[in-house]
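Undergrad: work32.txt is reproduced in full below (compact mmCIF, C-alpha atoms and all ligand atoms).
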# COMPACT_ATOMS: atom_id res chain seq x y z
CA MET A 17 6.69 -6.08 -13.11
CA ILE A 18 6.90 -3.70 -16.07
CA ARG A 19 3.56 -2.27 -17.16
CA LEU A 20 2.38 -0.89 -20.49
CA SER A 21 0.16 2.17 -20.66
CA PRO A 22 -1.15 2.34 -24.23
CA SER A 23 -1.76 5.91 -25.38
CA ILE A 24 -5.12 6.20 -27.11
CA LEU A 25 -3.87 9.34 -28.89
CA SER A 26 -2.76 7.03 -31.70
CA ALA A 27 -5.85 4.83 -31.67
CA ASP A 28 -8.46 4.89 -34.40
CA LEU A 29 -11.05 6.92 -32.51
CA TYR A 30 -13.93 5.62 -34.59
CA CYS A 31 -13.03 2.16 -33.32
CA LEU A 32 -11.86 3.16 -29.85
CA ARG A 33 -13.88 0.52 -28.05
CA ASP A 34 -12.39 -2.20 -30.20
CA GLY A 35 -8.86 -0.87 -29.61
CA ILE A 36 -9.37 -0.79 -25.86
CA ASP A 37 -10.94 -4.26 -25.74
CA ARG A 38 -8.00 -5.62 -27.70
CA VAL A 39 -5.30 -4.17 -25.44
CA ARG A 40 -7.31 -5.35 -22.42
CA SER A 41 -7.52 -8.89 -23.78
CA CYS A 42 -3.72 -8.90 -24.02
CA GLY A 43 -3.59 -8.44 -20.25
CA VAL A 44 -2.86 -4.70 -20.29
CA ASP A 45 -4.56 -2.98 -17.35
CA MET A 46 -3.63 0.67 -17.82
CA LEU A 47 -4.67 3.28 -20.40
CA HIS A 48 -2.84 6.55 -21.10
CA VAL A 49 -5.07 9.52 -21.91
CA ASP A 50 -3.28 12.60 -23.31
CA VAL A 51 -5.16 15.80 -22.57
CA MET A 52 -3.92 18.81 -24.61
CA ASP A 53 -5.45 22.28 -24.61
CA GLY A 54 -3.91 23.98 -27.66
CA HIS A 55 -2.20 26.44 -25.31
CA PHE A 56 0.32 24.62 -23.11
CA VAL A 57 1.06 22.56 -26.25
CA PRO A 58 0.02 23.38 -29.82
CA ASN A 59 -2.30 20.40 -30.16
CA ILE A 60 -5.87 19.82 -28.90
CA THR A 61 -7.06 16.36 -27.93
CA PHE A 62 -9.41 14.97 -25.30
CA GLY A 63 -11.38 16.35 -22.39
CA LEU A 64 -13.51 15.40 -19.40
CA PRO A 65 -16.36 13.65 -21.31
CA LEU A 66 -14.00 11.06 -22.75
CA VAL A 67 -12.59 10.22 -19.31
CA SER A 68 -16.14 9.90 -17.88
CA SER A 69 -17.13 7.61 -20.68
CA LEU A 70 -14.02 5.45 -20.35
CA ARG A 71 -14.68 5.22 -16.60
CA LYS A 72 -18.18 3.97 -17.24
CA HIS A 73 -17.03 1.19 -19.53
CA THR A 74 -13.63 -0.05 -18.38
CA ASP A 75 -11.94 -1.16 -15.19
CA MET A 76 -8.52 -0.29 -16.59
CA GLU A 77 -6.40 2.16 -14.62
CA LEU A 78 -6.94 5.53 -16.30
CA ASP A 79 -3.59 7.30 -16.52
CA VAL A 80 -4.39 10.90 -17.44
CA HIS A 81 -1.52 13.10 -18.65
CA LEU A 82 -2.48 16.77 -18.50
CA MET A 83 -0.68 19.00 -21.03
CA ILE A 84 -2.72 22.07 -20.22
CA SER A 85 -1.99 25.57 -18.93
CA ASP A 86 -4.32 25.45 -15.96
CA PRO A 87 -4.01 22.05 -14.28
CA ALA A 88 -4.84 23.65 -10.93
CA LYS A 89 -8.38 24.21 -12.16
CA TYR A 90 -8.88 21.03 -14.16
CA ALA A 91 -6.92 18.29 -12.36
CA PRO A 92 -9.58 17.78 -9.66
CA LEU A 93 -12.26 17.67 -12.35
CA PHE A 94 -10.42 14.88 -14.15
CA VAL A 95 -10.33 12.93 -10.89
CA LYS A 96 -14.08 13.45 -10.48
CA ALA A 97 -14.56 12.27 -14.07
CA GLY A 98 -12.87 8.99 -13.15
CA ALA A 99 -9.10 9.31 -13.60
CA ASP A 100 -7.03 7.01 -11.38
CA ILE A 101 -3.73 8.82 -11.95
CA VAL A 102 -3.43 12.48 -12.91
CA THR A 103 0.00 13.70 -14.02
CA ILE A 104 0.76 17.39 -14.32
CA HIS A 105 3.73 19.24 -15.81
CA ALA A 106 6.11 21.01 -13.45
CA GLU A 107 6.49 23.66 -16.19
CA SER A 108 2.88 24.84 -15.75
CA GLN A 109 2.92 28.21 -14.01
CA ILE A 110 0.75 27.13 -11.13
CA GLU A 111 0.76 26.06 -7.52
CA THR A 112 2.17 22.64 -8.24
CA ARG A 113 2.15 21.42 -4.64
CA GLU A 114 -1.44 22.49 -4.09
CA THR A 115 -2.52 20.85 -7.31
CA LEU A 116 -0.84 17.54 -6.45
CA ARG A 117 -2.51 17.72 -3.05
CA SER A 118 -5.91 18.34 -4.61
CA ILE A 119 -5.51 15.31 -6.91
CA ARG A 120 -4.87 13.12 -3.88
CA TYR A 121 -7.67 14.77 -1.90
CA GLU A 122 -10.15 13.97 -4.67
CA GLY A 123 -9.05 10.33 -4.59
CA ALA A 124 -6.51 9.77 -7.39
CA LYS A 125 -2.76 9.23 -7.52
CA PRO A 126 -0.82 12.41 -8.26
CA GLY A 127 1.96 12.32 -10.85
CA ILE A 128 4.55 14.87 -11.96
CA THR A 129 6.38 15.23 -15.27
CA ILE A 130 8.74 17.47 -17.23
CA ASN A 131 9.65 17.93 -20.87
CA PRO A 132 13.04 16.79 -22.19
CA ASN A 133 14.52 20.31 -22.13
CA THR A 134 13.58 21.04 -18.53
CA PRO A 135 16.32 20.31 -15.98
CA LEU A 136 15.70 17.04 -14.18
CA ASP A 137 16.04 18.66 -10.78
CA SER A 138 12.76 20.55 -11.38
CA LEU A 139 11.11 17.24 -10.46
CA PHE A 140 12.98 16.72 -7.21
CA PRO A 141 10.91 18.98 -4.93
CA TYR A 142 7.82 16.88 -5.66
CA LEU A 143 9.12 13.31 -5.44
CA GLU A 144 7.82 12.72 -1.93
CA GLN A 145 4.39 13.96 -2.87
CA VAL A 146 3.67 11.85 -5.95
CA GLU A 147 2.84 8.25 -6.78
CA GLN A 148 4.24 8.33 -10.30
CA VAL A 149 7.00 10.28 -12.06
CA LEU A 150 6.78 10.61 -15.81
CA VAL A 151 9.90 11.20 -17.88
CA MET A 152 8.97 12.67 -21.26
CA SER A 153 11.21 11.16 -23.93
CA VAL A 154 9.78 13.48 -26.64
CA GLN A 155 8.59 17.08 -26.41
CA ALA A 156 4.96 16.90 -25.21
CA GLY A 157 2.39 17.68 -27.87
CA PHE A 158 2.23 14.99 -30.54
CA GLY A 159 2.28 11.23 -30.93
CA GLY A 160 4.60 9.50 -33.35
CA GLN A 161 7.81 11.42 -32.57
CA SER A 162 11.26 9.82 -32.24
CA PHE A 163 12.61 8.86 -28.84
CA ILE A 164 15.25 11.34 -27.61
CA PRO A 165 18.29 9.18 -26.67
CA SER A 166 19.47 11.45 -23.83
CA SER A 167 16.26 10.46 -22.00
CA LEU A 168 18.00 7.24 -20.95
CA LYS A 169 20.48 9.22 -18.84
CA ARG A 170 17.61 11.14 -17.25
CA ILE A 171 15.79 7.94 -16.38
CA ARG A 172 18.96 6.54 -14.79
CA GLU A 173 19.55 9.74 -12.79
CA LEU A 174 15.97 9.85 -11.59
CA SER A 175 16.04 6.20 -10.64
CA LEU A 176 19.21 6.76 -8.62
CA ARG A 177 17.77 9.82 -6.93
CA LEU A 178 14.65 7.89 -5.93
CA SER A 179 16.57 4.98 -4.47
CA GLU A 180 19.02 7.30 -2.65
CA ASN A 181 16.01 8.82 -0.95
CA GLY A 182 14.36 5.49 -0.24
CA LEU A 183 11.38 6.35 -2.46
CA LYS A 184 9.56 3.63 -4.35
CA VAL A 185 7.80 5.81 -6.89
CA PRO A 186 7.27 4.12 -10.28
CA ILE A 187 8.95 5.80 -13.25
CA GLU A 188 6.83 6.08 -16.36
CA VAL A 189 8.42 6.99 -19.71
CA ASP A 190 6.44 8.55 -22.55
CA GLY A 191 7.28 9.14 -26.19
CA GLY A 192 8.77 7.22 -29.09
CA ILE A 193 8.82 3.86 -27.32
CA GLY A 194 8.68 0.66 -29.37
CA PRO A 195 10.26 -2.81 -29.43
CA GLN A 196 13.51 -1.31 -30.70
CA ASN A 197 14.19 0.69 -27.53
CA ALA A 198 11.91 -0.77 -24.83
CA MET A 199 14.74 -2.90 -23.49
CA SER A 200 17.09 0.10 -22.97
CA VAL A 201 14.30 2.13 -21.39
CA VAL A 202 13.58 -0.64 -18.89
CA GLU A 203 17.27 -1.24 -18.21
CA ALA A 204 17.64 2.48 -17.46
CA GLY A 205 15.00 2.16 -14.74
CA ALA A 206 11.51 2.55 -16.24
CA ASP A 207 8.59 0.73 -14.59
CA ILE A 208 5.79 1.84 -16.94
CA LEU A 209 6.08 2.31 -20.70
CA VAL A 210 3.65 4.56 -22.53
CA ALA A 211 3.27 3.51 -26.15
CA GLY A 212 0.95 5.07 -28.70
CA SER A 213 1.89 4.61 -32.32
CA SER A 214 3.92 1.44 -31.71
CA ILE A 215 0.73 -0.22 -30.39
CA PHE A 216 -2.13 1.33 -32.35
CA SER A 217 -0.79 2.51 -35.67
CA THR A 218 2.08 0.21 -36.61
CA ASN A 219 1.87 -3.02 -38.68
CA ASP A 220 -1.61 -2.22 -40.05
CA GLY A 221 -3.07 -2.00 -36.56
CA ASP A 222 -1.98 -5.48 -35.45
CA ILE A 223 -2.48 -4.43 -31.82
CA GLU A 224 -1.95 -7.91 -30.36
CA GLY A 225 1.25 -8.47 -32.38
CA ASN A 226 2.54 -5.01 -31.44
CA ILE A 227 1.95 -5.64 -27.74
CA ARG A 228 3.66 -9.01 -28.00
CA ALA A 229 6.68 -7.37 -29.63
CA LEU A 230 6.87 -4.84 -26.80
CA THR A 231 6.47 -7.37 -24.02
CA ASP A 232 9.06 -9.66 -25.63
CA ALA A 233 11.52 -6.77 -25.73
CA VAL A 234 10.82 -5.98 -22.08
CA ARG A 235 11.27 -9.63 -21.11
CA GLN A 236 14.73 -9.62 -22.67
CA ALA A 237 15.65 -6.62 -20.55
CA ARG A 238 14.42 -8.34 -17.41
CA ASN A 239 16.37 -11.49 -18.23
CA ARG A 240 19.49 -9.43 -18.71
CA THR A 241 19.13 -7.41 -15.52
CA SER A 242 18.15 -10.40 -13.35
C1 LIG B 1 3.01 13.10 -26.41
C2 LIG B 1 2.15 12.24 -25.55
C3 LIG B 1 2.39 10.78 -25.68
C4 LIG B 1 2.09 10.19 -27.01
C5 LIG B 1 3.04 9.05 -27.20
O1 LIG B 1 2.84 14.42 -26.03
O2 LIG B 1 2.33 12.58 -24.19
O3 LIG B 1 1.68 10.06 -24.66
O4 LIG B 1 0.79 9.70 -27.17
O5 LIG B 1 2.90 8.59 -28.47
P1 LIG B 1 4.04 7.75 -29.18
O6 LIG B 1 4.16 6.46 -28.42
O7 LIG B 1 3.52 7.58 -30.54
O8 LIG B 1 5.31 8.56 -29.10
ZN ZN B 2 1.40 11.27 -22.65
Do you think you could lay out the structure here as structure tokens?
Ligand code: DX5
Ligand code: ZN
TA:
Amino acid sequence: MIRLSPSILSADLYCLRDGIDRVRSCGVDMLHVDVMDGHFVPNITFGLPLVSSLRKHTDMELDVHLMISDPAKYAPLFVKAGADIVTIHAESQIETRETLRSIRYEGAKPGITINPNTPLDSLFPYLEQVEQVLVMSVQAGFGGQSFIPSSLKRIRELSLRLSENGLKVPIEVDGGIGPQNAMSVVEAGADILVAGSSIFSTNDGDIEGNIRALTDAVRQARNRTS
């Protein structure tokens, strides 16, 4: 089953509750929360209070993507705030193994990711330790960027590597995903699609129509591969 993880970075924050209720009513059960600190990436977004508030009001799986310089310090705090999955970047200059361990210790699923310019094999040392691998298909930092086509090859390589090692870790892909490329991303091996602008800020905010377009595209891929 392919899952969608809508990124609230592109949602209308004044109407966040409405946006979340609408994706939920379409059967989506995961929410992608992009945390940026203005240091690891140039942009600043959300912090712990938002995750706590989301936790209080929704049963959706909170998929927190940390784009921050000190995930070792903050990852456990995001778990305490209510995150279900906490993904950290292998590029952060920290004790990656310890941090992944602390995410699990606090009770969430640890995830690892890298930017498009980082060699794929930087992920390999952590594959046995994580419950999700995120392939960035844009440079982390902003919503609304174009999908980088060479990401497809990286997804295929990662998928192969995982199956060669008998690992059943879901592959999530993040950045520039919409109905026009969802099929190729799934055919390459993605299990979870993050989508921000193609859900929240396309077609005058027709969230239900945008989700339908994405799920239709995914269904075509599944029909083709099955
Ligand atoms: C980018 C973020 C993405 C972003 C995706 O740094 O990690 O999650 O919200 O947005 P779209 O789908 O608009 O590329
Ligand atoms: Zn993200």
Undergrad: Under the rule of at most 8 Å, produce a per-residue listing of chain A near ligand LIG 1 (chain B): chain, number, name, the closest pair of atoms, and the distance in Å, as JSON lines, using only C-alpha atoms and all ligand atoms.
TA:
{"residue": "A:Pro22", "atom": "CA", "partner": "B:LIG1", "partner_atom": "O6", "distance": 7.9}
{"residue": "A:Ser23", "atom": "CA", "partner": "B:LIG1", "partner_atom": "O4", "distance": 4.9}
{"residue": "A:Ile24", "atom": "CA", "partner": "B:LIG1", "partner_atom": "O4", "distance": 6.9}
{"residue": "A:Leu25", "atom": "CA", "partner": "B:LIG1", "partner_atom": "O4", "distance": 5.0}
{"residue": "A:Ser26", "atom": "CA", "partner": "B:LIG1", "partner_atom": "O4", "distance": 6.3}
{"residue": "A:His48", "atom": "CA", "partner": "B:LIG1", "partner_atom": "O3", "distance": 6.7}
{"residue": "A:Val49", "atom": "CA", "partner": "B:LIG1", "partner_atom": "O3", "distance": 7.3}
{"residue": "A:Asp50", "atom": "CA", "partner": "B:LIG1", "partner_atom": "O2", "distance": 5.7}
{"residue": "A:His81", "atom": "CA", "partner": "B:LIG1", "partner_atom": "O2", "distance": 6.8}
{"residue": "A:Met83", "atom": "CA", "partner": "B:LIG1", "partner_atom": "O1", "distance": 7.6}
{"residue": "A:Met152", "atom": "CA", "partner": "B:LIG1", "partner_atom": "O2", "distance": 7.3}
{"residue": "A:Val154", "atom": "CA", "partner": "B:LIG1", "partner_atom": "C1", "distance": 6.8}
{"residue": "A:Gln155", "atom": "CA", "partner": "B:LIG1", "partner_atom": "O1", "distance": 6.3}
{"residue": "A:Ala156", "atom": "CA", "partner": "B:LIG1", "partner_atom": "O1", "distance": 3.4}
{"residue": "A:Gly157", "atom": "CA", "partner": "B:LIG1", "partner_atom": "O1", "distance": 3.8}
{"residue": "A:Phe158", "atom": "CA", "partner": "B:LIG1", "partner_atom": "O1", "distance": 4.6}
{"residue": "A:Gly159", "atom": "CA", "partner": "B:LIG1", "partner_atom": "O5", "distance": 3.7}
{"residue": "A:Gly160", "atom": "CA", "partner": "B:LIG1", "partner_atom": "O7", "distance": 3.6}
{"residue": "A:Gln161", "atom": "CA", "partner": "B:LIG1", "partner_atom": "O8", "distance": 5.1}
{"residue": "A:Ser162", "atom": "CA", "partner": "B:LIG1", "partner_atom": "O8", "distance": 6.8}
{"residue": "A:Phe163", "atom": "CA", "partner": "B:LIG1", "partner_atom": "O8", "distance": 7.3}
{"residue": "A:Asp190", "atom": "CA", "partner": "B:LIG1", "partner_atom": "O3", "distance": 5.4}
{"residue": "A:Gly191", "atom": "CA", "partner": "B:LIG1", "partner_atom": "O8", "distance": 3.6}
{"residue": "A:Gly192", "atom": "CA", "partner": "B:LIG1", "partner_atom": "O8", "distance": 3.7}
{"residue": "A:Ile193", "atom": "CA", "partner": "B:LIG1", "partner_atom": "O6", "distance": 5.4}
{"residue": "A:Gly194", "atom": "CA", "partner": "B:LIG1", "partner_atom": "O6", "distance": 7.4}
{"residue": "A:Val210", "atom": "CA", "partner": "B:LIG1", "partner_atom": "O6", "distance": 6.2}
{"residue": "A:Ala211", "atom": "CA", "partner": "B:LIG1", "partner_atom": "O6", "distance": 3.8}
{"residue": "A:Gly212", "atom": "CA", "partner": "B:LIG1", "partner_atom": "O6", "distance": 3.5}
{"residue": "A:Ser213", "atom": "CA", "partner": "B:LIG1", "partner_atom": "O7", "distance": 3.8}
{"residue": "A:Ser214", "atom": "CA", "partner": "B:LIG1", "partner_atom": "O6", "distance": 6.0}
{"residue": "A:Ile215", "atom": "CA", "partner": "B:LIG1", "partner_atom": "O6", "distance": 7.8}
Undergrad: Could you state the separation of CA of Gly54 (chain A) and CA of Ser108 (chain A) in Å, given to one decimal place?
TA: 13.7 Å
Undergrad: Give me, please, the distance in Å between CA of Gly221 (chain A) and CA of Asp28 (chain A), quoted to one decimal.
TA: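 Interatomic distance here is 9.0 Å.
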Undergrad: When you count all atoms listed in the file, which of these residues is closest to ligand ZN 2 (chain B): A:Leu209, A:Leu66, A:Val185, A:Ala99?
TA: A:Leu209
Undergrad: Provide an axis-aligned box for all listed atoms of region 183-199 of chain A, padding each side by 3 Å; report its centre and its edge lengths in Å to one decimal, as AutoDock Vina command-line options.
TA:
--center_x 10.6 --center_y 3.1 --center_z -16.6 --size_x 14.3 --size_y 18.0 --size_z 34.2
Undergrad: Need to verify the contact set: region 122-137 of chain A, 9 Å, all atoms listed in the file, exclusion of same-chain residues closer than 4 positions in sequence. Can you return it as a count of residues only?
TA: 41
